[in-house]
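What follows is model-v7.pdb (PDB, N, CA and C atoms).
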MODEL        1
ATOM      1  N   MET A1313      -4.107  19.545 -18.923
ATOM      2  CA  MET A1313      -3.114  19.549 -17.867
ATOM      3  C   MET A1313      -3.197  18.229 -17.094
ATOM      4  N   PRO A1314      -2.056  17.576 -16.863
ATOM      5  CA  PRO A1314      -2.076  16.302 -16.139
ATOM      6  C   PRO A1314      -2.542  16.478 -14.702
ATOM      7  N   LYS A1315      -3.238  15.468 -14.223
ATOM      8  CA  LYS A1315      -3.659  15.463 -12.821
ATOM      9  C   LYS A1315      -2.563  14.813 -11.982
ATOM     10  N   TRP A1316      -2.288  15.427 -10.846
ATOM     11  CA  TRP A1316      -1.298  14.903  -9.912
ATOM     12  C   TRP A1316      -1.963  14.741  -8.566
ATOM     13  N   TRP A1317      -1.320  14.032  -7.689
ATOM     14  CA  TRP A1317      -1.816  13.897  -6.327
ATOM     15  C   TRP A1317      -1.630  15.233  -5.638
ATOM     16  N   ASP A1318      -2.719  15.815  -5.150
ATOM     17  CA  ASP A1318      -2.676  17.146  -4.549
ATOM     18  C   ASP A1318      -2.265  17.147  -3.087
ATOM     19  N   SER A1319      -2.306  15.998  -2.461
ATOM     20  CA  SER A1319      -2.041  15.960  -1.023
ATOM     21  C   SER A1319      -1.356  14.662  -0.646
ATOM     22  N   ALA A1320      -0.907  14.623   0.590
ATOM     23  CA  ALA A1320      -0.309  13.384   1.102
ATOM     24  C   ALA A1320      -1.348  12.268   1.108
ATOM     25  N   GLU A1321      -2.612  12.615   1.387
ATOM     26  CA  GLU A1321      -3.676  11.608   1.398
ATOM     27  C   GLU A1321      -3.881  11.007   0.009
ATOM     28  N   GLY A1322      -3.858  11.873  -1.006
ATOM     29  CA  GLY A1322      -4.003  11.383  -2.379
ATOM     30  C   GLY A1322      -2.850  10.476  -2.767
ATOM     31  N   HIS A1323      -1.664  10.847  -2.392
ATOM     32  CA  HIS A1323      -0.483  10.038  -2.679
ATOM     33  C   HIS A1323      -0.574   8.700  -1.957
ATOM     34  N   ARG A1324      -0.961   8.725  -0.695
ATOM     35  CA  ARG A1324      -1.098   7.493   0.078
ATOM     36  C   ARG A1324      -2.174   6.588  -0.524
ATOM     37  N   PHE A1325      -3.317   7.177  -0.939
ATOM     38  CA  PHE A1325      -4.380   6.396  -1.557
ATOM     39  C   PHE A1325      -3.866   5.700  -2.818
ATOM     40  N   ALA A1326      -3.149   6.436  -3.646
ATOM     41  CA  ALA A1326      -2.623   5.853  -4.882
ATOM     42  C   ALA A1326      -1.682   4.692  -4.574
ATOM     43  N   LEU A1327      -0.831   4.859  -3.590
ATOM     44  CA  LEU A1327       0.097   3.777  -3.246
ATOM     45  C   LEU A1327      -0.642   2.573  -2.678
ATOM     46  N   GLU A1328      -1.728   2.818  -1.934
ATOM     47  CA  GLU A1328      -2.539   1.700  -1.442
ATOM     48  C   GLU A1328      -3.208   0.971  -2.604
ATOM     49  N   VAL A1329      -3.718   1.727  -3.560
ATOM     50  CA  VAL A1329      -4.342   1.115  -4.749
ATOM     51  C   VAL A1329      -3.324   0.265  -5.488
ATOM     52  N   LEU A1330      -2.110   0.767  -5.594
ATOM     53  CA  LEU A1330      -1.078   0.075  -6.372
ATOM     54  C   LEU A1330      -0.353  -1.013  -5.597
ATOM     55  N   GLN A1331      -0.762  -1.274  -4.349
ATOM     56  CA  GLN A1331      -0.148  -2.370  -3.599
ATOM     57  C   GLN A1331      -0.471  -3.729  -4.215
ATOM     58  N   LEU A1332      -1.631  -3.851  -4.812
ATOM     59  CA  LEU A1332      -2.024  -5.133  -5.403
ATOM     60  C   LEU A1332      -1.294  -5.369  -6.715
ATOM     61  N   ARG A1333      -0.669  -6.524  -6.820
ATOM     62  CA  ARG A1333       0.068  -6.885  -8.025
ATOM     63  C   ARG A1333      -0.833  -6.838  -9.259
ATOM     64  N   VAL A1334      -2.084  -7.295  -9.129
ATOM     65  CA  VAL A1334      -2.971  -7.319 -10.289
ATOM     66  C   VAL A1334      -3.198  -5.907 -10.820
ATOM     67  N   ARG A1335      -3.283  -4.922  -9.940
ATOM     68  CA  ARG A1335      -3.475  -3.549 -10.407
ATOM     69  C   ARG A1335      -2.229  -3.008 -11.085
ATOM     70  N   ARG A1336      -1.074  -3.360 -10.573
ATOM     71  CA  ARG A1336       0.165  -2.939 -11.245
ATOM     72  C   ARG A1336       0.267  -3.613 -12.610
ATOM     73  N   ASP A1337      -0.144  -4.879 -12.686
ATOM     74  CA  ASP A1337      -0.143  -5.579 -13.976
ATOM     75  C   ASP A1337      -1.111  -4.927 -14.950
ATOM     76  N   ILE A1338      -2.288  -4.524 -14.447
ATOM     77  CA  ILE A1338      -3.273  -3.861 -15.309
ATOM     78  C   ILE A1338      -2.731  -2.519 -15.780
ATOM     79  N   LEU A1339      -2.099  -1.755 -14.893
ATOM     80  CA  LEU A1339      -1.509  -0.484 -15.294
ATOM     81  C   LEU A1339      -0.495  -0.699 -16.410
ATOM     82  N   LYS A1340       0.339  -1.718 -16.295
ATOM     83  CA  LYS A1340       1.314  -2.014 -17.349
ATOM     84  C   LYS A1340       0.617  -2.360 -18.657
ATOM     85  N   LEU A1341      -0.427  -3.179 -18.587
ATOM     86  CA  LEU A1341      -1.167  -3.546 -19.802
ATOM     87  C   LEU A1341      -1.773  -2.315 -20.468
ATOM     88  N   VAL A1342      -2.364  -1.443 -19.665
ATOM     89  CA  VAL A1342      -2.979  -0.232 -20.210
ATOM     90  C   VAL A1342      -1.898   0.657 -20.837
ATOM     91  N   ALA A1343      -0.767   0.775 -20.181
ATOM     92  CA  ALA A1343       0.328   1.584 -20.713
ATOM     93  C   ALA A1343       0.839   1.029 -22.041
ATOM     94  N   GLU A1344       0.725  -0.274 -22.215
ATOM     95  CA  GLU A1344       1.166  -0.908 -23.457
ATOM     96  C   GLU A1344       0.090  -0.894 -24.535
ATOM     97  N   GLY A1345      -1.112  -0.387 -24.195
ATOM     98  CA  GLY A1345      -2.149  -0.245 -25.206
ATOM     99  C   GLY A1345      -3.374  -1.116 -25.035
ATOM    100  N   THR A1346      -3.413  -1.975 -24.007
ATOM    101  CA  THR A1346      -4.606  -2.769 -23.730
ATOM    102  C   THR A1346      -5.574  -1.854 -23.004
ATOM    103  N   GLY A1347      -6.688  -1.488 -23.648
ATOM    104  CA  GLY A1347      -7.479  -0.403 -23.116
ATOM    105  C   GLY A1347      -8.802  -0.701 -22.473
ATOM    106  N   SER A1348      -9.406  -1.836 -22.723
ATOM    107  CA  SER A1348     -10.744  -2.069 -22.185
ATOM    108  C   SER A1348     -10.728  -3.126 -21.090
ATOM    109  N   ALA A1349     -11.785  -3.115 -20.280
ATOM    110  CA  ALA A1349     -11.913  -4.123 -19.223
ATOM    111  C   ALA A1349     -11.975  -5.518 -19.837
ATOM    112  N   GLU A1350     -12.641  -5.635 -20.964
ATOM    113  CA  GLU A1350     -12.741  -6.936 -21.641
ATOM    114  C   GLU A1350     -11.365  -7.444 -22.073
ATOM    115  N   GLU A1351     -10.555  -6.551 -22.637
ATOM    116  CA  GLU A1351      -9.200  -6.944 -23.049
ATOM    117  C   GLU A1351      -8.343  -7.318 -21.846
ATOM    118  N   VAL A1352      -8.400  -6.505 -20.805
ATOM    119  CA  VAL A1352      -7.622  -6.781 -19.590
ATOM    120  C   VAL A1352      -8.022  -8.133 -19.012
ATOM    121  N   ALA A1353      -9.328  -8.371 -18.926
ATOM    122  CA  ALA A1353      -9.826  -9.640 -18.382
ATOM    123  C   ALA A1353      -9.308 -10.815 -19.201
ATOM    124  N   GLY A1354      -9.332 -10.677 -20.517
ATOM    125  CA  GLY A1354      -8.854 -11.758 -21.383
ATOM    126  C   GLY A1354      -7.378 -12.046 -21.206
ATOM    127  N   VAL A1355      -6.573 -11.000 -21.126
ATOM    128  CA  VAL A1355      -5.126 -11.180 -20.975
ATOM    129  C   VAL A1355      -4.789 -11.799 -19.623
ATOM    130  N   LEU A1356      -5.446 -11.321 -18.565
ATOM    131  CA  LEU A1356      -5.121 -11.795 -17.212
ATOM    132  C   LEU A1356      -5.922 -13.021 -16.781
ATOM    133  N   GLY A1357      -6.929 -13.390 -17.558
ATOM    134  CA  GLY A1357      -7.744 -14.550 -17.205
ATOM    135  C   GLY A1357      -8.607 -14.303 -15.975
ATOM    136  N   ILE A1358      -9.119 -13.077 -15.853
ATOM    137  CA  ILE A1358      -9.997 -12.743 -14.732
ATOM    138  C   ILE A1358     -11.362 -12.333 -15.271
ATOM    139  N   ASP A1359     -12.334 -12.258 -14.382
ATOM    140  CA  ASP A1359     -13.691 -11.834 -14.722
ATOM    141  C   ASP A1359     -13.672 -10.377 -15.195
ATOM    142  N   GLU A1360     -14.491 -10.057 -16.199
ATOM    143  CA  GLU A1360     -14.533  -8.696 -16.732
ATOM    144  C   GLU A1360     -14.987  -7.676 -15.680
ATOM    145  N   ARG A1361     -15.913  -8.071 -14.811
ATOM    146  CA  ARG A1361     -16.358  -7.164 -13.747
ATOM    147  C   ARG A1361     -15.224  -6.847 -12.783
ATOM    148  N   ARG A1362     -14.412  -7.844 -12.495
ATOM    149  CA  ARG A1362     -13.258  -7.618 -11.611
ATOM    150  C   ARG A1362     -12.258  -6.684 -12.289
ATOM    151  N   ALA A1363     -12.020  -6.904 -13.573
ATOM    152  CA  ALA A1363     -11.113  -6.024 -14.317
ATOM    153  C   ALA A1363     -11.639  -4.592 -14.310
ATOM    154  N   ALA A1364     -12.950  -4.414 -14.513
ATOM    155  CA  ALA A1364     -13.557  -3.077 -14.508
ATOM    156  C   ALA A1364     -13.410  -2.420 -13.137
ATOM    157  N   PHE A1365     -13.567  -3.193 -12.064
ATOM    158  CA  PHE A1365     -13.395  -2.659 -10.712
ATOM    159  C   PHE A1365     -11.964  -2.163 -10.513
ATOM    160  N   HIS A1366     -10.984  -2.974 -10.900
ATOM    161  CA  HIS A1366      -9.582  -2.579 -10.727
ATOM    162  C   HIS A1366      -9.260  -1.355 -11.583
ATOM    163  N   LEU A1367      -9.797  -1.284 -12.791
ATOM    164  CA  LEU A1367      -9.582  -0.109 -13.639
ATOM    165  C   LEU A1367     -10.182   1.144 -12.996
ATOM    166  N   ALA A1368     -11.352   1.010 -12.390
ATOM    167  CA  ALA A1368     -11.971   2.144 -11.713
ATOM    168  C   ALA A1368     -11.107   2.618 -10.541
ATOM    169  N   MET A1369     -10.535   1.686  -9.806
ATOM    170  CA  MET A1369      -9.649   2.060  -8.696
ATOM    171  C   MET A1369      -8.394   2.760  -9.219
ATOM    172  N   LEU A1370      -7.849   2.265 -10.308
ATOM    173  CA  LEU A1370      -6.679   2.905 -10.906
ATOM    174  C   LEU A1370      -7.019   4.301 -11.411
ATOM    175  N   GLU A1371      -8.244   4.475 -11.913
ATOM    176  CA  GLU A1371      -8.671   5.799 -12.362
ATOM    177  C   GLU A1371      -8.780   6.751 -11.163
ATOM    178  N   LYS A1372      -9.345   6.288 -10.056
ATOM    179  CA  LYS A1372      -9.435   7.123  -8.851
ATOM    180  C   LYS A1372      -8.054   7.501  -8.326
ATOM    181  N   ALA A1373      -7.079   6.627  -8.564
ATOM    182  CA  ALA A1373      -5.700   6.888  -8.135
ATOM    183  C   ALA A1373      -4.948   7.759  -9.134
ATOM    184  N   LEU A1374      -5.623   8.178 -10.208
ATOM    185  CA  LEU A1374      -5.076   9.087 -11.226
ATOM    186  C   LEU A1374      -3.941   8.488 -12.046
ATOM    187  N   VAL A1375      -3.881   7.165 -12.161
ATOM    188  CA  VAL A1375      -2.817   6.554 -12.968
ATOM    189  C   VAL A1375      -3.332   6.047 -14.319
ATOM    190  N   VAL A1376      -4.653   5.955 -14.469
ATOM    191  CA  VAL A1376      -5.268   5.699 -15.776
ATOM    192  C   VAL A1376      -6.444   6.652 -15.913
ATOM    193  N   GLU A1377      -6.867   6.888 -17.155
ATOM    194  CA  GLU A1377      -8.065   7.687 -17.371
ATOM    195  C   GLU A1377      -8.891   7.066 -18.479
ATOM    196  N   ALA A1378     -10.201   7.239 -18.338
ATOM    197  CA  ALA A1378     -11.137   6.669 -19.293
ATOM    198  C   ALA A1378     -11.105   7.465 -20.591
ATOM    199  N   GLU A1379     -11.214   6.729 -21.688
ATOM    200  CA  GLU A1379     -11.357   7.291 -23.014
ATOM    201  C   GLU A1379     -12.581   6.636 -23.641
ATOM    202  N   PRO A1380     -13.066   7.148 -24.756
ATOM    203  CA  PRO A1380     -14.246   6.535 -25.374
ATOM    204  C   PRO A1380     -14.093   5.040 -25.672
ATOM    205  N   CYS A1381     -12.898   4.597 -25.988
ATOM    206  CA  CYS A1381     -12.709   3.183 -26.352
ATOM    207  C   CYS A1381     -12.027   2.367 -25.260
ATOM    208  N   GLY A1382     -11.904   2.906 -24.056
ATOM    209  CA  GLY A1382     -11.263   2.154 -22.976
ATOM    210  C   GLY A1382     -10.506   3.080 -22.042
ATOM    211  N   TYR A1383      -9.310   2.678 -21.689
ATOM    212  CA  TYR A1383      -8.481   3.444 -20.761
ATOM    213  C   TYR A1383      -7.108   3.675 -21.362
ATOM    214  N   ARG A1384      -6.445   4.702 -20.839
ATOM    215  CA  ARG A1384      -5.049   4.948 -21.185
ATOM    216  C   ARG A1384      -4.312   5.340 -19.921
ATOM    217  N   ALA A1385      -3.019   5.068 -19.896
ATOM    218  CA  ALA A1385      -2.195   5.446 -18.747
ATOM    219  C   ALA A1385      -1.988   6.959 -18.766
ATOM    220  N   THR A1386      -2.042   7.560 -17.597
ATOM    221  CA  THR A1386      -1.780   8.991 -17.476
ATOM    222  C   THR A1386      -0.273   9.214 -17.349
ATOM    223  N   PRO A1387       0.166  10.454 -17.495
ATOM    224  CA  PRO A1387       1.586  10.738 -17.236
ATOM    225  C   PRO A1387       2.013  10.291 -15.833
ATOM    226  N   THR A1388       1.119  10.441 -14.855
ATOM    227  CA  THR A1388       1.410   9.996 -13.489
ATOM    228  C   THR A1388       1.604   8.487 -13.452
ATOM    229  N   GLY A1389       0.735   7.752 -14.152
ATOM    230  CA  GLY A1389       0.857   6.297 -14.208
ATOM    231  C   GLY A1389       2.141   5.858 -14.881
ATOM    232  N   LEU A1390       2.508   6.535 -15.962
ATOM    233  CA  LEU A1390       3.750   6.197 -16.660
ATOM    234  C   LEU A1390       4.965   6.492 -15.779
ATOM    235  N   LEU A1391       4.911   7.601 -15.039
ATOM    236  CA  LEU A1391       6.018   7.907 -14.113
ATOM    237  C   LEU A1391       6.109   6.866 -13.009
ATOM    238  N   TYR A1392       4.968   6.419 -12.502
ATOM    239  CA  TYR A1392       4.977   5.361 -11.483
ATOM    240  C   TYR A1392       5.669   4.119 -12.043
ATOM    241  N   LEU A1393       5.289   3.718 -13.244
ATOM    242  CA  LEU A1393       5.903   2.529 -13.832
ATOM    243  C   LEU A1393       7.406   2.695 -13.990
ATOM    244  N   GLU A1394       7.825   3.871 -14.425
ATOM    245  CA  GLU A1394       9.244   4.116 -14.636
ATOM    246  C   GLU A1394      10.025   4.177 -13.325
ATOM    247  N   LYS A1395       9.531   4.967 -12.374
ATOM    248  CA  LYS A1395      10.299   5.236 -11.148
ATOM    249  C   LYS A1395      10.158   4.164 -10.084
ATOM    250  N   VAL A1396       8.988   3.546  -9.983
ATOM    251  CA  VAL A1396       8.767   2.565  -8.922
ATOM    252  C   VAL A1396       8.915   1.137  -9.437
ATOM    253  N   GLU A1397       8.310   0.863 -10.563
ATOM    254  CA  GLU A1397       8.368  -0.498 -11.107
ATOM    255  C   GLU A1397       9.628  -0.731 -11.935
ATOM    256  N   GLY A1398      10.294   0.346 -12.324
ATOM    257  CA  GLY A1398      11.523   0.204 -13.103
ATOM    258  C   GLY A1398      11.294  -0.211 -14.529
ATOM    259  N   SER A1399      10.093   0.061 -15.063
ATOM    260  CA  SER A1399       9.833  -0.268 -16.467
ATOM    261  C   SER A1399       9.433   0.979 -17.220
ATOM    262  N   SER A1400       9.992   1.121 -18.388
ATOM    263  CA  SER A1400       9.658   2.243 -19.244
ATOM    264  C   SER A1400       8.756   1.725 -20.355
ATOM    265  N   VAL A1401       7.586   2.271 -20.436
ATOM    266  CA  VAL A1401       6.605   1.802 -21.421
ATOM    267  C   VAL A1401       6.291   2.937 -22.363
ATOM    268  N   GLU A1402       6.438   2.687 -23.645
ATOM    269  CA  GLU A1402       6.054   3.652 -24.663
ATOM    270  C   GLU A1402       4.709   3.223 -25.180
ATOM    271  N   ARG A1403       3.740   4.075 -25.090
ATOM    272  CA  ARG A1403       2.397   3.756 -25.556
ATOM    273  C   ARG A1403       2.351   3.815 -27.071
ATOM    274  N   SER A1404       1.764   2.789 -27.654
ATOM    275  CA  SER A1404       1.677   2.778 -29.119
ATOM    276  C   SER A1404       0.431   3.463 -29.594
TER     277      SER A1404
ENDMDL
END
Could the structure of this file be written out as structure tokens, please?
Amino acid sequence: MPKWWDSAEGHRFALEVLQLRVRRDILKLVAEGTGSAEEVAGVLGIDERRAAFHLAMLEKALVVEAEPCGYRATPTGLLYLEKVEGSSVERS
């Protein structure tokens, strides 16, 4: 069952997490299939530790979730991209 924001506080936290452009960019990359902190760091040209931190924040915001080989966008994350960012991403 997909996780959703259970309260106004959860919704507000997620929107605060997603205020940073780099996190929205990471969410888009994950939705397109870039799954690990190492891959994200390489694509964005940032430190792997920084990428891992941003991924952890996105996970707390329920828009990505950890998998054995990295991360994937959640249904909530995909809806955010579609409704707020105006991009529809089909995960390969």
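Straight-line separation from atom CA of A:Glu1394 to atom C of A:Thr1346: 18.0 Å.
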*Using the chain letters and residue numbers of this document, give as number ranges by chain the residues selected by the PyMOL selection byres ((chain A and resi 1363) around 8).*
A: 1348-1350, 1352-1354, 1358-1362, 1364-1369
_Atom-to-atom span, atom C of A:Lys1340 and atom C of A:Arg1324, Å_ = 20.4 Å
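If you measure from each of A:Ala1326, A:Ser1319, A:Pro1380, A:Gly1389 to A:Ala1343 using only N, CA and C atoms, the closest one turns out to be A:Gly1389.
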Using the file's own x, y and z axes, what box holds all listed atoms of stretch 1318-1333 of chain A with 5 Å on each side, keeping edges along x, y and z, and what are its centre and edge lengths in Å to one decimal, as lines of an AutoDock Vina configuration file?
center_x = -2.1
center_y = 5.1
center_z = -3.9
size_x = 14.5
size_y = 34.0
size_z = 20.7
*In Å, how far is it from atom CA of A:Arg1384 to atom CA of A:Val1329?*
16.9 Å
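The residue that comes closest to A:Glu1379, out of A:Leu1332, A:Gly1398, A:Gly1347, A:Leu1341 and on the basis of all atoms listed in the file, is A:Gly1347.
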*Name the closest residue to A:Leu1339 among the candidates A:Pro1387, A:Leu1370, A:Ala1378, A:Lys1395; distances are taken between atoms, counting all atoms listed in the file.*
A:Leu1370
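Closest approach to A:Arg1333 among A:Ala1385, A:Leu1356, A:Ala1320, A:Val1376: A:Leu1356, based on only C-alpha atoms.
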*Determine which residues of chain A DSSP labels as strand (DSSP E) from the backbone of this structure, then write them out as a VMD selection string.*
chain A and resid 1376 to 1379 1382 to 1385
Written selection (N, CA and C atoms) as a PDB file, in the frame of the given file:
ATOM      1  N   VAL A1376      -4.653   5.955 -14.469  1.00  0.00           N
ATOM      2  CA  VAL A1376      -5.268   5.699 -15.776  1.00  0.00           C
ATOM      3  C   VAL A1376      -6.444   6.652 -15.913  1.00  0.00           C
ATOM      4  N   GLU A1377      -6.867   6.888 -17.155  1.00  0.00           N
ATOM      5  CA  GLU A1377      -8.065   7.687 -17.371  1.00  0.00           C
ATOM      6  C   GLU A1377      -8.891   7.066 -18.479  1.00  0.00           C
ATOM      7  N   ALA A1378     -10.201   7.239 -18.338  1.00  0.00           N
ATOM      8  CA  ALA A1378     -11.137   6.669 -19.293  1.00  0.00           C
ATOM      9  C   ALA A1378     -11.105   7.465 -20.591  1.00  0.00           C
ATOM     10  N   GLU A1379     -11.214   6.729 -21.688  1.00  0.00           N
ATOM     11  CA  GLU A1379     -11.357   7.291 -23.014  1.00  0.00           C
ATOM     12  C   GLU A1379     -12.581   6.636 -23.641  1.00  0.00           C
ATOM     13  N   GLY A1382     -11.904   2.906 -24.056  1.00  0.00           N
ATOM     14  CA  GLY A1382     -11.263   2.154 -22.976  1.00  0.00           C
ATOM     15  C   GLY A1382     -10.506   3.080 -22.042  1.00  0.00           C
ATOM     16  N   TYR A1383      -9.310   2.678 -21.689  1.00  0.00           N
ATOM     17  CA  TYR A1383      -8.481   3.444 -20.761  1.00  0.00           C
ATOM     18  C   TYR A1383      -7.108   3.675 -21.362  1.00  0.00           C
ATOM     19  N   ARG A1384      -6.445   4.702 -20.839  1.00  0.00           N
ATOM     20  CA  ARG A1384      -5.049   4.948 -21.185  1.00  0.00           C
ATOM     21  C   ARG A1384      -4.312   5.340 -19.921  1.00  0.00           C
ATOM     22  N   ALA A1385      -3.019   5.068 -19.896  1.00  0.00           N
ATOM     23  CA  ALA A1385      -2.195   5.446 -18.747  1.00  0.00           C
ATOM     24  C   ALA A1385      -1.988   6.959 -18.766  1.00  0.00           C
TER      25      ALA A1385
END
*Assign secondary structure with DSSP using the backbone only, and return the residues of chain A in alpha helix (DSSP H) as number ranges by chain.*
A: 1320-1329, 1333-1343, 1349-1356, 1360-1372, 1387-1395
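Nearest residue to A:Tyr1383 among A:Leu1330, A:Arg1335, A:Val1342, A:Phe1325 is A:Val1342, counting only C-alpha atoms.
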